[in-house]
$ cat final.cif   # mmCIF, C-alpha atoms (C1' of nucleotides)
data_input
loop_
_atom_site.label_atom_id
_atom_site.label_comp_id
_atom_site.auth_asym_id
_atom_site.auth_seq_id
_atom_site.Cartn_x
_atom_site.Cartn_y
_atom_site.Cartn_z
CA MET A 9 -56.75 -36.60 37.07
CA LYS A 10 -55.99 -39.98 38.49
CA ILE A 11 -54.31 -42.87 36.80
CA ARG A 12 -54.90 -46.26 38.36
CA PRO A 13 -54.51 -49.86 37.39
CA SER A 14 -57.76 -51.03 35.85
CA THR A 15 -59.85 -53.47 37.77
CA GLY A 16 -58.33 -56.90 37.65
CA PHE A 17 -54.80 -55.62 37.16
CA SER A 18 -52.04 -55.57 39.70
CA SER A 19 -50.85 -52.51 41.53
CA PRO A 20 -48.95 -49.79 39.73
CA SER A 21 -45.26 -50.00 39.11
CA PRO A 22 -43.25 -47.15 40.52
CA SER A 23 -41.88 -46.29 37.11
CA PHE A 24 -42.05 -47.65 33.60
CA GLY A 25 -38.36 -47.74 32.94
CA GLN A 26 -36.40 -48.03 29.72
CA GLY A 27 -38.06 -49.43 26.65
CA THR A 28 -41.54 -48.67 27.86
CA VAL A 29 -44.22 -47.30 25.61
CA VAL A 30 -47.62 -46.24 26.80
CA VAL A 31 -50.32 -47.10 24.30
CA LEU A 32 -53.55 -45.18 24.50
CA MET A 33 -56.11 -47.89 24.05
CA SER A 34 -59.66 -46.99 23.17
CA GLY A 35 -60.84 -50.55 22.95
CA GLY A 36 -61.06 -50.37 19.18
CA VAL A 37 -59.24 -52.34 16.53
CA ASP A 38 -56.61 -49.74 15.75
CA SER A 39 -55.22 -49.06 19.18
CA SER A 40 -55.36 -52.75 20.02
CA VAL A 41 -53.28 -53.63 16.99
CA THR A 42 -50.95 -50.81 17.92
CA ALA A 43 -50.30 -52.38 21.29
CA TRP A 44 -49.81 -55.78 19.77
CA LEU A 45 -47.39 -54.52 17.12
CA LEU A 46 -45.25 -52.68 19.63
CA GLN A 47 -45.17 -55.62 21.93
CA LYS A 48 -44.07 -57.80 19.06
CA ALA A 49 -41.38 -55.29 18.27
CA GLY A 50 -39.94 -55.77 21.71
CA TRP A 51 -41.33 -52.83 23.61
CA HIS A 52 -42.48 -53.04 27.16
CA VAL A 53 -46.07 -52.02 26.52
CA VAL A 54 -48.40 -50.42 29.01
CA GLY A 55 -51.99 -49.78 28.08
CA VAL A 56 -53.88 -46.72 29.23
CA THR A 57 -57.52 -45.98 28.58
CA MET A 58 -59.05 -42.60 29.14
CA LYS A 59 -62.23 -42.47 31.10
CA ILE A 60 -64.30 -39.64 29.72
CA PRO A 61 -67.63 -38.32 30.95
CA GLU A 62 -70.62 -40.42 30.07
CA THR A 63 -73.19 -38.31 28.39
CA GLY A 64 -76.61 -39.48 27.50
CA LYS A 65 -76.81 -42.89 25.98
CA SER A 66 -73.09 -43.41 25.48
CA PRO A 67 -72.33 -47.05 26.11
CA GLY A 68 -71.08 -46.94 29.65
CA GLY A 69 -67.67 -48.39 30.06
CA CYS A 70 -67.87 -50.73 27.14
CA CYS A 71 -64.69 -49.47 25.57
CA GLY A 72 -62.67 -49.43 28.71
CA ARG A 73 -63.67 -53.01 29.24
CA ASP A 74 -62.71 -53.98 25.71
CA ALA A 75 -59.36 -52.29 26.10
CA ALA A 76 -58.72 -54.01 29.41
CA SER A 77 -59.58 -57.38 27.98
CA VAL A 78 -57.23 -56.84 25.07
CA ALA A 79 -54.53 -55.86 27.53
CA LEU A 80 -55.23 -58.95 29.53
CA GLY A 81 -54.94 -61.03 26.40
CA LEU A 82 -51.59 -59.49 25.57
CA GLY A 83 -50.42 -59.84 29.13
CA ILE A 84 -49.63 -56.19 29.55
CA PRO A 85 -50.45 -53.84 32.41
CA HIS A 86 -53.49 -51.69 31.90
CA TYR A 87 -54.36 -48.42 33.53
CA THR A 88 -57.37 -46.18 33.48
CA ALA A 89 -56.89 -42.46 33.38
CA PHE A 90 -59.79 -40.70 35.04
CA ILE A 91 -59.94 -37.50 33.11
CA GLU A 92 -63.62 -36.66 33.20
CA ARG A 93 -63.10 -33.23 34.65
CA GLU A 94 -60.23 -32.33 32.37
CA PHE A 95 -62.16 -33.58 29.38
CA GLU A 96 -65.11 -31.50 30.39
CA GLN A 97 -62.98 -28.38 30.68
CA LEU A 98 -60.69 -28.83 27.71
CA VAL A 99 -62.96 -30.45 25.19
CA ILE A 100 -66.65 -30.24 25.97
CA GLU A 101 -66.84 -26.70 27.27
CA PRO A 102 -64.89 -25.23 24.38
CA PHE A 103 -67.02 -27.34 22.08
CA VAL A 104 -70.22 -25.83 23.41
CA GLU A 105 -68.78 -22.33 23.55
CA SER A 106 -67.65 -22.59 19.98
CA TYR A 107 -71.09 -23.46 18.72
CA LEU A 108 -72.69 -20.72 20.73
CA ARG A 109 -70.26 -18.25 19.16
CA GLY A 110 -71.32 -19.34 15.72
CA SER A 111 -68.21 -21.30 14.88
CA THR A 112 -67.78 -25.04 14.43
CA PRO A 113 -65.57 -26.84 16.92
CA ASN A 114 -63.26 -29.72 16.21
CA PRO A 115 -63.26 -31.63 19.48
CA CYS A 116 -61.03 -34.42 18.21
CA ALA A 117 -58.25 -32.02 17.36
CA ASP A 118 -58.60 -30.36 20.76
CA CYS A 119 -58.67 -33.65 22.57
CA ASN A 120 -55.46 -34.74 20.88
CA ALA A 121 -53.58 -31.52 21.36
CA LEU A 122 -54.72 -30.66 24.85
CA LEU A 123 -55.52 -33.97 26.47
CA LYS A 124 -53.91 -37.03 24.95
CA PHE A 125 -50.67 -35.42 23.94
CA GLY A 126 -50.94 -32.63 26.47
CA LEU A 127 -52.21 -33.07 29.99
CA LEU A 128 -52.36 -36.83 29.97
CA TRP A 129 -48.84 -37.20 28.70
CA ASP A 130 -47.61 -34.72 31.29
CA GLU A 131 -49.39 -36.65 33.97
CA LEU A 132 -48.00 -39.96 32.80
CA GLU A 133 -44.51 -38.59 32.94
CA ASP A 134 -45.06 -37.15 36.39
CA ALA A 135 -46.35 -40.45 37.63
CA PHE A 136 -44.09 -42.90 35.89
CA GLY A 137 -41.20 -40.99 34.41
CA GLU A 138 -40.39 -40.19 30.83
CA SER A 139 -41.79 -42.64 28.36
CA PHE A 140 -42.82 -43.09 24.81
CA LEU A 141 -46.47 -42.67 23.90
CA ALA A 142 -48.27 -44.44 21.08
CA THR A 143 -51.74 -44.28 19.56
CA GLY A 144 -53.52 -46.00 16.72
CA HIS A 145 -53.74 -42.94 14.53
CA TYR A 146 -53.09 -43.28 10.82
CA ALA A 147 -50.19 -40.92 10.58
CA ARG A 148 -46.44 -41.24 10.74
CA ILE A 149 -43.48 -39.89 12.61
CA GLU A 150 -40.45 -39.44 10.41
CA GLN A 151 -36.95 -38.76 11.55
CA GLU A 152 -34.47 -36.83 9.49
CA GLY A 153 -31.17 -36.23 11.20
CA GLU A 154 -32.09 -34.97 14.59
CA ASN A 155 -35.41 -33.58 13.46
CA PHE A 156 -38.73 -35.32 13.77
CA PHE A 157 -41.75 -34.75 11.61
CA LEU A 158 -45.38 -35.64 11.74
CA SER A 159 -46.51 -36.83 8.34
CA ARG A 160 -49.45 -38.32 6.57
CA GLY A 161 -50.40 -41.96 6.82
CA LYS A 162 -49.68 -44.30 3.95
CA GLU A 163 -53.29 -44.63 2.92
CA PRO A 164 -54.43 -41.12 1.93
CA SER A 165 -58.11 -41.78 2.54
CA LYS A 166 -57.38 -42.88 6.09
CA ASP A 167 -54.82 -40.27 6.98
CA GLN A 168 -55.49 -38.69 10.36
CA SER A 169 -52.63 -36.24 10.58
CA TYR A 170 -55.18 -33.46 10.31
CA PHE A 171 -56.35 -34.26 13.81
CA LEU A 172 -52.82 -34.42 15.18
CA TYR A 173 -51.34 -31.14 14.02
CA GLY A 174 -51.65 -29.73 17.52
CA VAL A 175 -49.12 -32.05 19.13
CA ALA A 176 -46.29 -30.05 20.63
CA ARG A 177 -43.17 -30.31 18.50
CA HIS A 178 -40.98 -31.35 21.39
CA ARG A 179 -43.19 -34.43 21.81
CA LEU A 180 -42.56 -35.84 18.37
CA PRO A 181 -39.34 -37.72 19.22
CA ARG A 182 -41.18 -39.80 21.75
CA LEU A 183 -44.41 -40.30 19.84
CA LEU A 184 -44.98 -43.59 18.07
CA LEU A 185 -47.64 -44.10 15.43
CA PRO A 186 -47.06 -47.61 14.16
CA LEU A 187 -50.21 -47.81 12.04
CA GLY A 188 -49.22 -45.00 9.72
CA GLY A 189 -47.53 -47.41 7.37
CA TYR A 190 -50.46 -49.76 7.08
CA SER A 191 -53.76 -49.65 5.29
CA LYS A 192 -57.00 -50.24 7.10
CA GLU A 193 -57.27 -53.65 5.47
CA GLU A 194 -53.84 -54.61 6.68
CA VAL A 195 -54.61 -53.52 10.21
CA ARG A 196 -57.78 -55.52 10.19
CA ALA A 197 -55.78 -58.52 8.99
CA LEU A 198 -53.21 -57.99 11.73
CA ALA A 199 -55.98 -57.93 14.30
CA ARG A 200 -57.16 -61.31 13.10
CA GLU A 201 -53.65 -62.66 13.00
CA ALA A 202 -53.22 -61.56 16.60
CA ALA A 203 -56.59 -63.08 17.41
CA LEU A 204 -57.65 -59.90 19.15
CA SER A 205 -61.10 -60.08 20.63
CA VAL A 206 -61.97 -56.78 19.00
CA ALA A 207 -60.79 -57.78 15.54
CA GLU A 208 -64.22 -57.56 13.98
CA LYS A 209 -65.40 -54.54 15.90
CA SER A 210 -66.86 -51.91 13.64
CA GLU A 211 -65.38 -48.52 13.09
CA SER A 212 -66.25 -45.92 15.62
CA MET A 213 -67.27 -42.56 14.35
CA GLU A 214 -69.11 -39.46 15.33
CA ILE A 215 -68.25 -37.54 18.42
CA CYS A 216 -67.10 -39.94 21.11
CA PHE A 217 -68.73 -38.03 23.93
CA ALA A 218 -72.04 -37.27 22.26
CA GLY A 219 -73.50 -40.72 22.59
CA GLU A 220 -76.28 -41.89 20.37
CA GLY A 221 -78.09 -38.71 19.48
CA ASP A 222 -76.37 -35.92 17.70
CA TYR A 223 -74.20 -33.25 19.19
CA ARG A 224 -77.05 -30.83 19.53
CA ARG A 225 -78.15 -32.60 22.66
CA LEU A 226 -75.07 -31.29 24.40
CA LEU A 227 -76.39 -27.82 23.85
CA ASP A 228 -79.61 -28.64 25.60
CA GLY A 229 -80.33 -26.33 28.41
CA ARG A 230 -78.57 -23.48 26.68
CA SER A 231 -80.85 -20.91 25.27
CA LEU A 232 -80.70 -21.06 21.53
CA PRO A 233 -82.70 -18.11 20.31
CA HIS A 234 -84.20 -18.62 16.90
CA GLY A 235 -83.35 -16.01 14.32
CA LYS A 236 -83.33 -15.03 10.70
CA ILE A 237 -81.97 -16.85 7.72
CA VAL A 238 -81.11 -14.27 5.10
CA ASP A 239 -79.40 -14.15 1.76
CA GLU A 240 -76.44 -11.95 0.96
CA ASP A 241 -78.69 -9.02 0.21
CA GLY A 242 -80.31 -9.30 3.59
CA GLU A 243 -83.50 -10.73 2.15
CA LEU A 244 -85.38 -12.78 4.73
CA LEU A 245 -85.65 -16.40 3.60
CA GLY A 246 -86.57 -18.27 6.71
CA THR A 247 -86.05 -18.91 10.37
CA HIS A 248 -83.22 -20.78 12.04
CA LYS A 249 -83.42 -22.84 15.20
CA GLY A 250 -80.49 -21.26 16.95
CA ILE A 251 -77.13 -20.42 15.47
CA ALA A 252 -75.48 -23.40 17.15
CA ASN A 253 -77.35 -25.77 14.89
CA TYR A 254 -75.59 -24.58 11.77
CA THR A 255 -72.16 -24.66 10.27
CA VAL A 256 -70.61 -22.93 7.30
CA GLY A 257 -71.11 -24.91 4.12
CA GLN A 258 -74.13 -26.72 5.50
CA ARG A 259 -76.89 -27.45 3.06
CA LYS A 260 -79.18 -29.95 4.74
CA GLY A 261 -81.61 -28.75 7.32
CA LEU A 262 -82.16 -25.23 6.14
CA GLY A 263 -85.68 -26.09 5.06
CA ILE A 264 -85.68 -23.49 2.34
CA SER A 265 -86.44 -24.49 -1.20
CA SER A 266 -84.58 -22.63 -3.88
CA ARG A 267 -83.51 -23.10 -7.45
CA ASP A 268 -80.24 -24.93 -6.85
CA GLY A 269 -80.00 -25.41 -3.14
CA LEU A 270 -78.54 -23.15 -0.52
CA HIS A 271 -75.49 -23.42 1.71
CA VAL A 272 -74.61 -21.52 4.84
CA LEU A 273 -72.15 -18.82 3.80
CA ARG A 274 -71.48 -17.42 7.24
CA ILE A 275 -72.95 -17.13 10.67
CA ASP A 276 -73.42 -13.74 12.23
CA PRO A 277 -73.64 -14.14 16.01
CA GLY A 278 -74.03 -10.39 16.47
CA ARG A 279 -77.31 -10.35 14.60
CA ASN A 280 -78.14 -13.93 15.45
CA ALA A 281 -78.43 -14.52 11.74
CA VAL A 282 -77.48 -17.26 9.33
CA VAL A 283 -76.47 -16.03 5.89
CA VAL A 284 -77.07 -18.42 3.02
CA GLY A 285 -76.42 -18.46 -0.69
CA PRO A 286 -75.66 -20.69 -3.66
CA ARG A 287 -72.81 -23.15 -3.44
CA GLU A 288 -70.47 -21.13 -5.61
CA ARG A 289 -70.56 -18.35 -3.04
CA THR A 290 -68.97 -20.52 -0.36
CA PHE A 291 -65.58 -20.77 -2.02
CA ARG A 292 -62.58 -18.96 -0.55
CA ARG A 293 -58.94 -18.71 -1.48
CA ARG A 294 -57.50 -16.81 1.42
CA VAL A 295 -57.67 -18.49 4.81
CA ARG A 296 -56.39 -17.26 8.15
CA ALA A 297 -55.98 -19.24 11.33
CA ARG A 298 -55.05 -18.56 14.96
CA ASN A 299 -53.74 -20.66 17.84
CA VAL A 300 -50.95 -21.76 15.61
CA ASN A 301 -48.86 -24.81 16.28
CA ILE A 302 -45.71 -25.03 14.24
CA LEU A 303 -44.24 -28.48 13.80
CA PHE A 304 -41.39 -27.73 11.44
CA PRO A 305 -38.13 -27.01 13.22
CA VAL A 306 -37.73 -23.99 10.98
CA PRO A 307 -40.93 -22.32 9.75
CA PRO A 308 -41.20 -21.97 5.97
CA GLU A 309 -40.78 -18.47 4.66
CA GLU A 310 -43.46 -16.23 3.35
CA GLY A 311 -44.34 -17.21 -0.19
CA ALA A 312 -43.46 -20.85 0.36
CA PHE A 313 -45.35 -23.31 -1.76
CA LEU A 314 -47.28 -25.64 0.54
CA PHE A 315 -50.37 -27.83 0.60
CA GLY A 316 -53.26 -27.06 2.86
CA LYS A 317 -56.37 -28.66 4.22
CA THR A 318 -59.27 -26.76 5.69
CA ARG A 319 -61.25 -29.85 6.68
CA SER A 320 -60.48 -33.40 7.63
CA ARG A 321 -61.68 -34.90 4.39
CA GLY A 322 -59.91 -34.45 1.12
CA GLU A 323 -56.37 -34.09 -0.07
CA PRO A 324 -54.04 -31.23 0.84
CA LEU A 325 -54.19 -28.70 -1.97
CA PRO A 326 -51.65 -26.21 -3.30
CA CYS A 327 -51.38 -22.86 -1.56
CA ASP A 328 -48.88 -20.10 -0.96
CA LEU A 329 -47.86 -19.17 2.54
CA LEU A 330 -48.64 -15.58 3.41
CA ARG A 331 -47.71 -15.70 7.04
CA MET A 332 -46.67 -18.19 9.66
CA ASP A 333 -45.78 -17.35 13.23
CA GLU A 334 -47.00 -18.23 16.69
CA ASN A 335 -50.00 -15.97 16.26
CA VAL A 336 -51.18 -16.20 12.73
CA LEU A 337 -51.19 -18.68 9.94
CA GLU A 338 -52.38 -17.41 6.60
CA VAL A 339 -52.37 -18.88 3.13
CA LEU A 340 -53.67 -18.22 -0.34
CA PHE A 341 -54.95 -21.33 -2.04
CA HIS A 342 -54.32 -21.68 -5.75
CA GLU A 343 -57.88 -22.87 -6.22
CA PRO A 344 -60.88 -21.63 -4.22
CA GLN A 345 -61.74 -23.96 -1.35
CA PHE A 346 -65.24 -25.02 -0.46
CA ALA A 347 -66.47 -23.31 2.69
CA PRO A 348 -63.46 -22.90 4.97
CA THR A 349 -65.17 -22.92 8.35
CA PRO A 350 -64.30 -20.86 11.40
CA GLY A 351 -63.40 -23.25 14.20
CA GLN A 352 -62.17 -25.97 11.88
CA ARG A 353 -58.45 -26.34 11.30
CA LEU A 354 -56.06 -25.17 8.65
CA VAL A 355 -53.27 -27.71 8.41
CA LEU A 356 -50.30 -27.18 6.12
CA TYR A 357 -48.11 -29.84 4.58
CA ASP A 358 -44.98 -29.82 2.48
CA ALA A 359 -44.73 -31.72 -0.78
CA GLY A 360 -43.63 -34.78 1.13
CA GLY A 361 -46.78 -34.88 3.24
CA ARG A 362 -45.13 -33.61 6.40
CA VAL A 363 -47.14 -31.33 8.63
CA ALA A 364 -45.58 -27.88 8.74
CA ALA A 365 -48.12 -26.25 11.01
CA GLY A 366 -51.77 -25.86 11.77
CA GLY A 367 -54.22 -23.57 13.46
CA VAL A 368 -57.84 -22.73 14.10
CA ILE A 369 -59.53 -21.07 11.14
CA GLU A 370 -60.96 -17.73 12.09
CA TYR A 371 -61.49 -16.01 8.79
CA SER A 372 -61.51 -16.53 5.07
CA GLU A 373 -62.22 -14.44 2.04
CA GLU A 374 -62.89 -14.97 -1.60
CA ALA A 375 -59.54 -13.98 -2.98
CA GLU A 376 -57.25 -11.01 -3.14
"C1'" U B 127 -120.81 -12.46 -8.88
"C1'" G B 128 -119.06 -7.78 -15.58
"C1'" G B 129 -114.41 -9.25 -18.04
"C1'" G B 130 -109.72 -11.99 -18.03
"C1'" G B 131 -106.36 -15.58 -15.81
"C1'" U B 132 -104.66 -19.64 -12.88
"C1'" G B 133 -105.31 -24.32 -10.09
"C1'" U B 134 -99.80 -30.76 -11.15
"C1'" A B 135 -96.17 -33.47 -4.31
"C1'" G B 136 -94.19 -28.78 1.33
"C1'" C B 137 -92.05 -25.02 -2.67
"C1'" C B 138 -90.83 -23.99 -7.98
"C1'" A B 139 -92.10 -26.46 -12.37
"C1'" A B 140 -92.44 -29.79 -17.23
"C1'" G B 141 -96.50 -31.86 -19.68
"C1'" C B 142 -101.19 -29.99 -24.74
"C1'" G B 143 -105.27 -37.64 -25.63
"C1'" G B 144 -101.68 -43.05 -24.41
"C1'" C B 145 -99.74 -45.75 -18.24
"C1'" A B 146 -97.06 -37.91 -14.20
"C1'" A B 147 -89.78 -34.74 -16.36
"C1'" G B 148 -86.65 -32.07 -13.33
"C1'" G B 149 -84.99 -28.90 -9.34
"C1'" C B 150 -85.42 -27.38 -4.12
"C1'" A B 151 -86.98 -29.04 0.60
"C1'" G B 152 -87.82 -33.68 3.35
"C1'" C B 153 -86.82 -38.86 4.62
"C1'" G B 154 -83.47 -43.24 4.45
"C1'" G B 155 -78.69 -45.41 3.39
"C1'" A B 156 -73.32 -45.12 2.13
"C1'" C B 157 -68.94 -42.48 3.38
"C1'" U B 158 -66.41 -40.42 7.98
"C1'" U B 159 -62.34 -40.67 15.05
"C1'" U B 160 -65.43 -33.49 14.67
"C1'" G B 161 -69.12 -30.54 12.18
"C1'" G B 162 -70.47 -29.94 7.38
"C1'" A B 163 -69.86 -31.60 2.36
"C1'" U B 164 -70.41 -35.56 -1.25
"C1'" C B 165 -72.73 -40.05 -3.29
"C1'" C B 166 -76.97 -43.51 -3.70
"C1'" G B 167 -82.11 -44.46 -2.90
"C1'" C B 168 -87.28 -42.97 -1.65
"C1'" C B 169 -91.11 -39.41 -2.14
"C1'" A B 170 -97.84 -37.12 -6.52
"C1'" U B 171 -102.43 -39.92 -10.31
"C1'" C B 172 -102.57 -34.00 -11.73
"C1'" G B 173 -108.71 -28.45 -7.25
"C1'" C B 174 -113.72 -31.15 -7.18
"C1'" U B 175 -117.84 -33.60 -9.84
"C1'" G B 176 -119.71 -35.37 -14.15
"C1'" G B 177 -119.13 -36.17 -19.55
"C1'" U B 178 -116.57 -37.38 -24.44
"C1'" U B 179 -113.05 -41.38 -25.70
"C1'" C B 180 -110.52 -48.04 -26.27
"C1'" G B 181 -107.78 -44.49 -23.25
"C1'" A B 182 -107.59 -37.72 -20.22
"C1'" A B 183 -103.42 -34.16 -16.04
"C1'" U B 184 -104.18 -33.17 -21.10
"C1'" C B 185 -111.03 -32.24 -24.71
"C1'" C B 186 -116.17 -30.53 -22.83
"C1'" A B 187 -119.65 -28.93 -18.79
"C1'" G B 188 -120.72 -27.48 -13.93
"C1'" C B 189 -118.83 -26.29 -9.23
"C1'" C B 190 -114.95 -24.53 -5.82
"C1'" A B 191 -110.47 -21.61 -4.72
"C1'" C B 192 -107.06 -17.91 -5.69
"C1'" C B 193 -105.24 -13.72 -8.75
"C1'" C B 194 -105.85 -9.43 -12.03
"C1'" C B 195 -108.85 -5.67 -14.50
"C1'" A B 196 -113.22 -3.26 -14.26
"C1'" G B 197 -117.21 -1.62 -10.88
#
$ encode --input "final.cif" --output "structure tokens"
Amino acid sequence: MKIRPSTGFSSPSPSFGQGTVVVLMSGGVDSSVTAWLLQKAGWHVVGVTMKIPETGKSPGGCCGRDAASVALGLGIPHYTAFIEREFEQLVIEPFVESYLRGSTPNPCADCNALLKFGLLWDELEDAFGESFLATGHYARIEQEGENFFLSRGKEPSKDQSYFLYGVARHRLPRLLLPLGGYSKEEVRALAREAALSVAEKSESMEICFAGEGDYRRLLDGRSLPHGKIVDEDGELLGTHKGIANYTVGQRKGLGISSRDGLHVLRIDPGRNAVVVGPRERTFRRRVRARNVNILFPVPPEEGAFLFGKTRSRGEPLPCDLLRMDENVLEVLFHEPQFAPTPGQRLVLYDAGGRVAAGGVIEYSEEAE
RNA sequence: UGGGGUGUAGCCAAGCGGCAAGGCAGCGGACUUUGGAUCCGCCAUCGCUGGUUCGAAUCCAGCCACCCCAG
């Protein structure tokens, strides 16, 4: 990984020094407003944009250019972090592997945990010394005594804490998320107030590295053997186009007509089969996750009443903690959850919306 | 080639003389810093050919196709 001043910017400073915050700028509205807000608050702001691999039709360099021009407008230094290789290894490869294994990856969560707030932050500190890091995520950092917490953004529908659960706890004191207290509308208004060139830019969505087409293109070249689509009794219902094209809970694209519609209940990589059934059969109460990251200074005890999410959308819902340690996170939801999906994340919150811990879902069952 | 039955969109399926329900699948849009979900919208002139009728998917005739029973 190399971090260099972006074209048109002066040579690197030897160190950032006190009062410096590095803002990860994507070139979008949110991170641009983030930089502006922090600058207004008196921080010495340095912009950094990650250069990720260009796949397919992804708009080459457009975002880096936007970010640089915003930085120029704000009069702040701007650097480009060339992380193509790291991104490939830490995000794209696991992404592909996950699909091939029959699970559903969450590249954004990986990118945050492993790259932005992992490798990149390490690298920044190596190069420029300890500094604060900020992003335009809709989530908040709360301080209570000497403890820091990651918590939900003010606007529930925009909250992105789900994607951030993987940040190492020791990073929280130096992480700044200034947008967490604003609504999307307010941020948009701030962008106009600041006369940012990207103020009217539309929301980005979909996988950043997949480009125009859908993610399946990234699996091109891999052999995706077709196989059977069966119901829970093993009855053959149809043919699938390779396990990697499906995800638990999926309804569209099965091509099978039935009385009420079918959803993927589970994917069986061993038999190269996709098991489908009616919607009500997708619900699960007990969910177990691995690769746990605990954010609370003291993990809640077994039996603790928490709120969990098994997917990015939707509100955290009541559950009881069955187990939480570095290896396993397991909960029992009060109400059955729609299709908890292996590979997606289980993120737990306390009643105050603070992230207690999270992990990668590996298994779920109806109840018990 | 005797008897009986069926024939409505890719699939299932309402309708029984008055301008073709619904579901599934599919397509399109909305939502969304992952996937999926969800929501909204679109999607047939009724096997064919004649006839009866102001008017037929609905009645009649012939033909075709498929299914069942019997040979």
$ interface_residues --input "final.cif" --of "chain A" --to "chain B" --cutoff "6 Å" --atoms "all atoms listed in the file" --output "ChimeraX atom specification"
/A:114-116,213,258,263-267,269
$ closest_residue --input "final.cif" --among "A:Arg298, A:Arg289, A:Lys59, A:His86" --to "Cys216 (chain A)" --atoms "all atoms listed in the file"
A:Lys59
$ closest_atom_pairs --input "final.cif" --of "region 138-190 of chain A" --to "region 122-126 of chain A" --cutoff "10 Å" --atoms "all atoms listed in the file" --output "tab-separated table"
residue	atom	partner	partner_atom	distance
A:Leu141	CA	A:Phe125	CA	8.4
A:Ala142	CA	A:Phe125	CA	9.8
A:Thr143	CA	A:Lys124	CA	9.3
A:Leu172	CA	A:Phe125	CA	9.1
A:Gly174	CA	A:Leu122	CA	8.0
A:Val175	CA	A:Phe125	CA	6.1
A:Ala176	CA	A:Phe125	CA	7.7
A:Arg179	CA	A:Phe125	CA	7.8
A:Leu180	CA	A:Phe125	CA	9.8
A:Leu183	CA	A:Phe125	CA	8.9
$ residues_around --input "final.cif" --residues "Phe315 (chain A)" --least-positions-apart "6" --cutoff "10 Å" --atoms "only C-alpha atoms (C1' of nucleotides)" --output "PyMOL selection string"
chain A and resi 323-329+339+341-342+355-364
$ closest_residue --input "final.cif" --among "A:Ala43, A:Leu340, A:Val238, A:Ala297" --to "Gly81 (chain A)" --atoms "all atoms listed in the file"
A:Ala43
$ residues_near_point --input "final.cif" --point "(-53.0, -45.3, -0.3)" --cutoff "10 Å" --atoms "all atoms listed in the file" --output "list in words"
Gly161, Lys162, Glu163, Pro164, Ser165, Lys166, Asp167, Gly189, Tyr190, Ser191 and Lys192 of chain A
$ resolve_selection --input "final.cif" --expression "the PyMOL selection byres ((chain A and resi 9-18) around 12)" --output "PyMOL selection string"
chain A and resi 19-22+54-60+69+72-77+79-80+83-96+123+127-136
